[in-house]
Structure formats: structure tokens, C-alpha cells
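data_34.cif (mmCIF, C-alpha atoms) appears below.
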data_upload
#
loop_
_atom_site.label_atom_id
_atom_site.label_comp_id
_atom_site.auth_asym_id
_atom_site.auth_seq_id
_atom_site.Cartn_x
_atom_site.Cartn_y
_atom_site.Cartn_z
CA MET A 190 -173.66 -165.27 120.32
CA GLY A 191 -175.19 -163.53 117.34
CA ALA A 192 -178.30 -161.44 116.91
CA ILE A 193 -181.32 -162.15 119.11
CA ALA A 194 -184.79 -162.50 117.59
CA GLY A 195 -187.42 -160.13 118.94
CA LYS A 196 -189.83 -163.04 119.27
CA ASP A 197 -187.65 -164.36 122.09
CA GLY A 198 -188.19 -161.27 124.26
CA LYS A 199 -190.61 -161.15 127.16
CA PHE A 200 -191.95 -158.28 129.31
CA THR A 201 -193.04 -158.93 132.89
CA PHE A 202 -194.85 -156.30 134.97
CA ASP A 203 -195.78 -156.79 138.63
CA ALA A 204 -194.60 -160.45 138.60
CA SER A 205 -196.79 -161.44 135.62
CA VAL A 206 -195.90 -161.73 131.92
CA MET A 207 -197.90 -159.01 130.21
CA ALA A 208 -200.19 -160.47 127.53
CA TYR A 209 -200.03 -159.53 123.85
CA ILE A 210 -196.99 -157.27 124.15
CA ASP A 211 -195.19 -157.12 120.81
CA THR A 212 -192.72 -154.31 121.55
CA PHE A 213 -190.73 -153.15 124.54
CA ASN A 214 -188.05 -150.52 124.92
CA LEU A 215 -185.52 -150.14 127.72
CA ASN A 216 -183.55 -146.89 127.86
CA ILE A 217 -180.46 -146.71 130.11
CA ASN A 218 -178.90 -143.26 130.45
CA GLY A 219 -175.54 -142.44 132.00
CA GLY A 220 -175.58 -138.96 133.45
CA THR A 221 -172.78 -136.46 132.96
CA ALA A 222 -171.95 -132.98 134.24
CA GLU A 223 -169.74 -130.41 132.55
CA THR A 224 -166.57 -129.45 134.42
CA ASN A 225 -165.29 -126.67 132.17
CA SER A 226 -162.46 -124.32 133.05
CA LEU A 227 -161.73 -120.84 131.79
CA GLY A 228 -159.07 -120.81 129.12
CA LYS A 229 -159.91 -124.24 127.67
CA SER A 230 -161.38 -124.58 124.18
CA TYR A 231 -162.97 -127.97 124.81
CA LYS A 232 -165.54 -129.36 127.22
CA GLU A 233 -164.78 -131.85 129.95
CA PHE A 234 -167.32 -134.06 131.70
CA ILE A 235 -167.56 -136.27 134.76
CA PRO A 236 -169.98 -139.16 135.24
CA THR A 237 -172.90 -138.49 137.58
CA VAL A 238 -176.01 -140.60 138.13
CA THR A 239 -177.60 -143.21 135.88
CA ASP A 240 -181.32 -143.37 135.19
CA TRP A 241 -183.48 -145.70 133.15
CA SER A 242 -186.98 -145.79 131.72
CA GLY A 243 -188.96 -147.73 129.19
CA SER A 244 -192.19 -148.70 127.54
CA ALA A 245 -194.15 -151.73 126.42
CA SER A 246 -196.91 -151.88 123.84
CA GLY A 247 -199.12 -154.31 121.99
CA SER A 248 -202.74 -155.39 121.83
CA LEU A 249 -205.25 -154.36 124.49
CA ASP A 250 -206.41 -157.19 126.79
CA LEU A 251 -207.94 -155.89 130.02
CA SER A 252 -208.56 -159.46 131.20
CA ASP A 253 -204.76 -159.66 131.59
CA PRO A 254 -203.87 -158.88 135.24
CA SER A 255 -200.75 -156.88 134.26
CA GLN A 256 -202.49 -154.63 131.74
CA LYS A 257 -205.51 -154.18 133.97
CA GLY A 258 -203.30 -153.44 136.98
CA ALA A 259 -201.38 -150.74 135.09
CA VAL A 260 -204.62 -149.06 133.99
CA LYS A 261 -206.08 -149.24 137.52
CA MET A 262 -202.90 -147.75 138.99
CA LEU A 263 -203.14 -144.67 136.85
CA THR A 264 -206.91 -144.22 137.19
CA ALA A 265 -206.89 -144.54 140.99
CA GLY A 266 -206.48 -140.82 141.60
CA GLY A 267 -202.72 -140.61 141.85
CA ASN A 268 -202.17 -143.73 143.96
CA VAL A 269 -199.32 -144.99 141.75
CA ALA A 270 -197.42 -147.87 143.35
CA ILE A 271 -193.89 -149.01 142.65
CA LYS A 272 -193.89 -152.31 140.74
CA THR A 273 -191.23 -154.62 139.33
CA ALA A 274 -190.53 -154.85 135.61
CA GLU A 275 -188.43 -157.48 133.85
CA PHE A 276 -187.16 -157.50 130.26
CA ALA A 277 -186.04 -160.92 129.05
CA VAL A 278 -183.71 -160.78 126.06
CA GLY A 279 -183.90 -164.35 124.83
CA GLU A 280 -181.54 -166.79 126.51
CA VAL A 281 -178.94 -164.02 127.00
CA GLY A 282 -180.48 -162.79 130.25
CA THR A 283 -182.95 -160.50 131.98
CA PHE A 284 -182.91 -156.84 133.01
CA SER A 285 -185.03 -156.07 136.07
CA GLY A 286 -185.81 -153.27 138.47
CA SER A 287 -188.50 -151.21 140.18
CA VAL A 288 -190.66 -148.89 138.09
CA ILE A 289 -193.33 -146.25 138.47
CA ALA A 290 -195.95 -146.25 135.73
CA SER A 291 -196.06 -142.78 134.16
CA SER A 292 -198.69 -143.24 131.45
CA VAL A 293 -200.97 -145.73 129.77
CA ALA A 294 -202.35 -145.17 126.27
CA ILE A 295 -205.25 -147.12 124.79
CA GLY A 296 -206.00 -146.68 121.11
CA ALA A 297 -208.37 -147.89 118.44
CA ALA A 298 -208.45 -147.56 114.69
CA HIS A 299 -211.42 -148.55 112.58
CA GLY A 300 -210.70 -151.94 111.05
CA ASP A 301 -207.73 -152.68 113.33
CA LYS A 302 -207.05 -154.03 116.80
CA MET A 303 -207.24 -151.95 119.97
CA THR A 304 -203.77 -151.08 121.27
CA PHE A 305 -202.18 -150.74 124.69
CA SER A 306 -199.03 -148.87 125.65
CA LEU A 307 -197.37 -148.45 129.05
CA ASN A 308 -194.60 -145.94 129.81
CA PHE A 309 -192.64 -146.03 133.05
CA GLN A 310 -189.73 -144.53 134.92
CA GLY A 311 -187.19 -146.78 136.64
CA THR A 312 -186.50 -146.02 140.29
CA GLY A 313 -183.35 -147.36 141.89
CA PRO A 314 -180.87 -149.72 140.25
CA LEU A 315 -181.41 -151.77 137.11
CA SER A 316 -179.89 -155.23 137.34
CA PHE A 317 -178.90 -157.72 134.65
CA THR A 318 -178.92 -161.47 135.25
CA GLU A 319 -177.18 -163.54 132.62
CA GLY A 320 -179.05 -166.49 131.12
CA GLU A 321 -177.84 -170.04 131.08
#
Write the structure described by the file as C-alpha cells, please.
Amino acid sequence: MGAIAGKDGKFTFDASVMAYIDTFNLNINGGTAETNSLGKSYKEFIPTVTDWSGSASGSLDLSDPSQKGAVKMLTAGGNVAIKTAEFAVGEVGTFSGSVIASSVAIGAAHGDKMTFSLNFQGTGPLSFTEGE
């Protein structure tokens, strides 16, 4: 399989495809810890824990249940719930896991569309299901 077109991606938040999203990012980080010893002139590392986070952005549409739900979560006075996020990468497969929304940004520029951006932290494992 070759390159995958961005147009074939899809972002789902809280079991609903989020409307008007034109960009998503998924960051998967493998943790390491130094295990240096006196007398060595190089560093050694061991693997520790993995974490993941991400973001999704596009056009603002507060009639969309996913966008509206993310905004309501963060404006409810700290009552942030754990939701499910899925990142479809064309026919190759889907990454999915539980997330906590960490920020929502809404922007406007004169003569342009209003924008929406969601940032989140993964909690627990991230799974990958291969496509067909």
C-alpha cells in the first residue's frame, strides 16, 4: 500500500463523526528512562510507559453534537468526562482509545470562517484495528 490521502481520514469523538474537521493529529510517545552508570561515556535507556495525545481542528459548527459536546464539557465547571476518540486512516485501519478533552479553541478572522480546535490527552491504551 502506498501513501494515504488526507481526504480519506475521519475523526470520531464520543461515538459521532465530528463535522467539518479538516485536520487531526495523533501523537504516540514511547517513554524512556536513563540508566547511566559511573565510568561510562554514553547514555543507556530502558523503555518505560507509553502515552498518547492529539488534536482535531476545522470549521466551527455548534449544531454538530461532537463539537457542541466538547465545548460543553470544558465549560461545565471542570466536569470533564472521559470519551472515546477514533482516528480512521483510510482503508488501512483505525486507532481508538479513551481521551480527556484538555482544551477547545474557537477562532474568527474577518473575512474567513470561524474555526474550531480540540486538544485531548489519551488515557489508557491506544488500539489499532486493521481495515479490510
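In this comparison, which uses all atoms listed in the file, the residue of A:Leu215, A:Ile295, A:Met303, A:Val281 approaching Thr318 in chain A most closely is A:Val281.
From CA of Thr224 in chain A back to CA of Pro314 in chain A, the distance works out to 25.5 Å.
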Q.
As a check of understanding, name the residues that the PyMOL selection byres ((chain A and resi 230-246) around 9) selects in the supplied structure, as JSON, numbers by chain.
A. {"A": [200, 209, 210, 211, 212, 213, 214, 215, 216, 217, 218, 219, 220, 221, 222, 223, 224, 225, 226, 227, 228, 229, 247, 248, 249, 288, 294, 304, 305, 306, 307, 308, 309, 310, 311, 312, 313, 314, 315]}
Per-axis box centre and lengths in Å around range 211-229 of chain A, 4 Å margin per side, axis-aligned, as lines of an AutoDock Vina configuration file:
center_x = -177.1
center_y = -139.0
center_z = 127.6
size_x = 44.1
size_y = 44.3
size_z = 21.6
Q | Resolved residues for the PyMOL selection byres ((chain A and resi 320) around 6) as a PyMOL selection string | A | chain A and resi 280-282+319+321
Resulting file, chosen residues, C-alpha atoms, as an mmCIF file, in the coordinates of the input:
data_model
loop_
_atom_site.group_PDB
_atom_site.id
_atom_site.type_symbol
_atom_site.label_atom_id
_atom_site.label_comp_id
_atom_site.auth_asym_id
_atom_site.auth_seq_id
_atom_site.Cartn_x
_atom_site.Cartn_y
_atom_site.Cartn_z
ATOM 1 C CA GLU A 280 -181.540 -166.790 126.510
ATOM 2 C CA VAL A 281 -178.940 -164.020 127.000
ATOM 3 C CA GLY A 282 -180.480 -162.790 130.250
ATOM 4 C CA GLU A 319 -177.180 -163.540 132.620
ATOM 5 C CA GLU A 321 -177.840 -170.040 131.080
#
Can you give me N, CA and C atoms for range 284-317 of chain A, written as a JSON list (two decimals), keeping the file's coordinate frame?
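Output file part27.json follows:
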[["chain", "number", "residue", "atom", "x", "y", "z"],
["A", 284, "PHE", "N", -183.05, -158.10, 132.29],
["A", 284, "PHE", "CA", -182.91, -156.84, 133.01],
["A", 284, "PHE", "C", -184.10, -156.72, 133.94],
["A", 285, "SER", "N", -183.89, -156.24, 135.17],
["A", 285, "SER", "CA", -185.03, -156.07, 136.07],
["A", 285, "SER", "C", -184.79, -154.93, 137.05],
["A", 286, "GLY", "N", -185.89, -154.35, 137.50],
["A", 286, "GLY", "CA", -185.81, -153.27, 138.47],
["A", 286, "GLY", "C", -187.19, -152.76, 138.82],
["A", 287, "SER", "N", -187.24, -151.81, 139.73],
["A", 287, "SER", "CA", -188.50, -151.21, 140.18],
["A", 287, "SER", "C", -188.88, -150.06, 139.28],
["A", 288, "VAL", "N", -190.17, -149.94, 138.98],
["A", 288, "VAL", "CA", -190.66, -148.89, 138.09],
["A", 288, "VAL", "C", -191.88, -148.20, 138.68],
["A", 289, "ILE", "N", -192.11, -146.99, 138.20],
["A", 289, "ILE", "CA", -193.33, -146.25, 138.47],
["A", 289, "ILE", "C", -193.99, -146.01, 137.12],
["A", 290, "ALA", "N", -195.23, -146.46, 136.98],
["A", 290, "ALA", "CA", -195.95, -146.25, 135.73],
["A", 290, "ALA", "C", -196.21, -144.75, 135.56],
["A", 291, "SER", "N", -195.86, -144.21, 134.39],
["A", 291, "SER", "CA", -196.06, -142.78, 134.16],
["A", 291, "SER", "C", -197.21, -142.49, 133.20],
["A", 292, "SER", "N", -197.53, -143.44, 132.33],
["A", 292, "SER", "CA", -198.69, -143.24, 131.45],
["A", 292, "SER", "C", -199.12, -144.56, 130.83],
["A", 293, "VAL", "N", -200.39, -144.62, 130.52],
["A", 293, "VAL", "CA", -200.97, -145.73, 129.77],
["A", 293, "VAL", "C", -201.75, -145.11, 128.62],
["A", 294, "ALA", "N", -201.59, -145.64, 127.42],
["A", 294, "ALA", "CA", -202.35, -145.17, 126.27],
["A", 294, "ALA", "C", -203.12, -146.35, 125.69],
["A", 295, "ILE", "N", -204.39, -146.12, 125.42],
["A", 295, "ILE", "CA", -205.25, -147.12, 124.79],
["A", 295, "ILE", "C", -205.74, -146.50, 123.50],
["A", 296, "GLY", "N", -205.61, -147.23, 122.40],
["A", 296, "GLY", "CA", -206.00, -146.68, 121.11],
["A", 296, "GLY", "C", -206.83, -147.64, 120.30],
["A", 297, "ALA", "N", -207.56, -147.08, 119.34],
["A", 297, "ALA", "CA", -208.37, -147.89, 118.44],
["A", 297, "ALA", "C", -208.41, -147.22, 117.08],
["A", 298, "ALA", "N", -208.29, -148.04, 116.06],
["A", 298, "ALA", "CA", -208.45, -147.56, 114.69],
["A", 298, "ALA", "C", -209.50, -148.44, 114.02],
["A", 299, "HIS", "N", -210.37, -147.81, 113.26],
["A", 299, "HIS", "CA", -211.42, -148.55, 112.58],
["A", 299, "HIS", "C", -210.79, -149.62, 111.70],
["A", 300, "GLY", "N", -211.22, -150.84, 111.85],
["A", 300, "GLY", "CA", -210.70, -151.94, 111.05],
["A", 300, "GLY", "C", -209.41, -152.54, 111.56],
["A", 301, "ASP", "N", -208.97, -152.16, 112.78],
["A", 301, "ASP", "CA", -207.73, -152.68, 113.33],
["A", 301, "ASP", "C", -207.97, -153.07, 114.79],
["A", 302, "LYS", "N", -206.97, -153.63, 115.39],
["A", 302, "LYS", "CA", -207.05, -154.03, 116.80],
["A", 302, "LYS", "C", -206.99, -152.81, 117.72],
["A", 303, "MET", "N", -207.44, -152.98, 118.95],
["A", 303, "MET", "CA", -207.24, -151.95, 119.97],
["A", 303, "MET", "C", -205.83, -152.13, 120.53],
["A", 304, "THR", "N", -205.16, -151.03, 120.82],
["A", 304, "THR", "CA", -203.77, -151.08, 121.27],
["A", 304, "THR", "C", -203.62, -150.63, 122.71],
["A", 305, "PHE", "N", -202.52, -151.05, 123.30],
["A", 305, "PHE", "CA", -202.18, -150.74, 124.69],
["A", 305, "PHE", "C", -200.71, -150.33, 124.73],
["A", 306, "SER", "N", -200.41, -149.29, 125.49],
["A", 306, "SER", "CA", -199.03, -148.87, 125.65],
["A", 306, "SER", "C", -198.83, -148.39, 127.08],
["A", 307, "LEU", "N", -197.73, -148.82, 127.68],
["A", 307, "LEU", "CA", -197.37, -148.45, 129.05],
["A", 307, "LEU", "C", -196.00, -147.78, 129.03],
["A", 308, "ASN", "N", -195.89, -146.62, 129.64],
["A", 308, "ASN", "CA", -194.60, -145.94, 129.81],
["A", 308, "ASN", "C", -194.29, -145.89, 131.30],
["A", 309, "PHE", "N", -193.01, -146.02, 131.63],
["A", 309, "PHE", "CA", -192.64, -146.03, 133.05],
["A", 309, "PHE", "C", -191.26, -145.45, 133.26],
["A", 310, "GLN", "N", -191.02, -145.06, 134.49],
["A", 310, "GLN", "CA", -189.73, -144.53, 134.92],
["A", 310, "GLN", "C", -189.13, -145.52, 135.92],
["A", 311, "GLY", "N", -187.88, -145.92, 135.69],
["A", 311, "GLY", "CA", -187.19, -146.78, 136.64],
["A", 311, "GLY", "C", -186.85, -145.99, 137.89],
["A", 312, "THR", "N", -186.90, -146.65, 139.04],
["A", 312, "THR", "CA", -186.50, -146.02, 140.29],
["A", 312, "THR", "C", -185.55, -146.96, 141.01],
["A", 313, "GLY", "N", -184.37, -146.49, 141.30],
["A", 313, "GLY", "CA", -183.35, -147.36, 141.89],
["A", 313, "GLY", "C", -182.55, -148.06, 140.80],
["A", 314, "PRO", "N", -181.77, -149.06, 141.21],
["A", 314, "PRO", "CA", -180.87, -149.72, 140.25],
["A", 314, "PRO", "C", -181.60, -150.64, 139.28],
["A", 315, "LEU", "N", -181.00, -150.80, 138.11],
["A", 315, "LEU", "CA", -181.41, -151.77, 137.11],
["A", 315, "LEU", "C", -180.38, -152.89, 137.14],
["A", 316, "SER", "N", -180.84, -154.12, 137.28],
["A", 316, "SER", "CA", -179.89, -155.23, 137.34],
["A", 316, "SER", "C", -179.99, -156.08, 136.07],
["A", 317, "PHE", "N", -178.92, -156.80, 135.77],
["A", 317, "PHE", "CA", -178.90, -157.72, 134.65],
["A", 317, "PHE", "C", -178.44, -159.08, 135.15]]
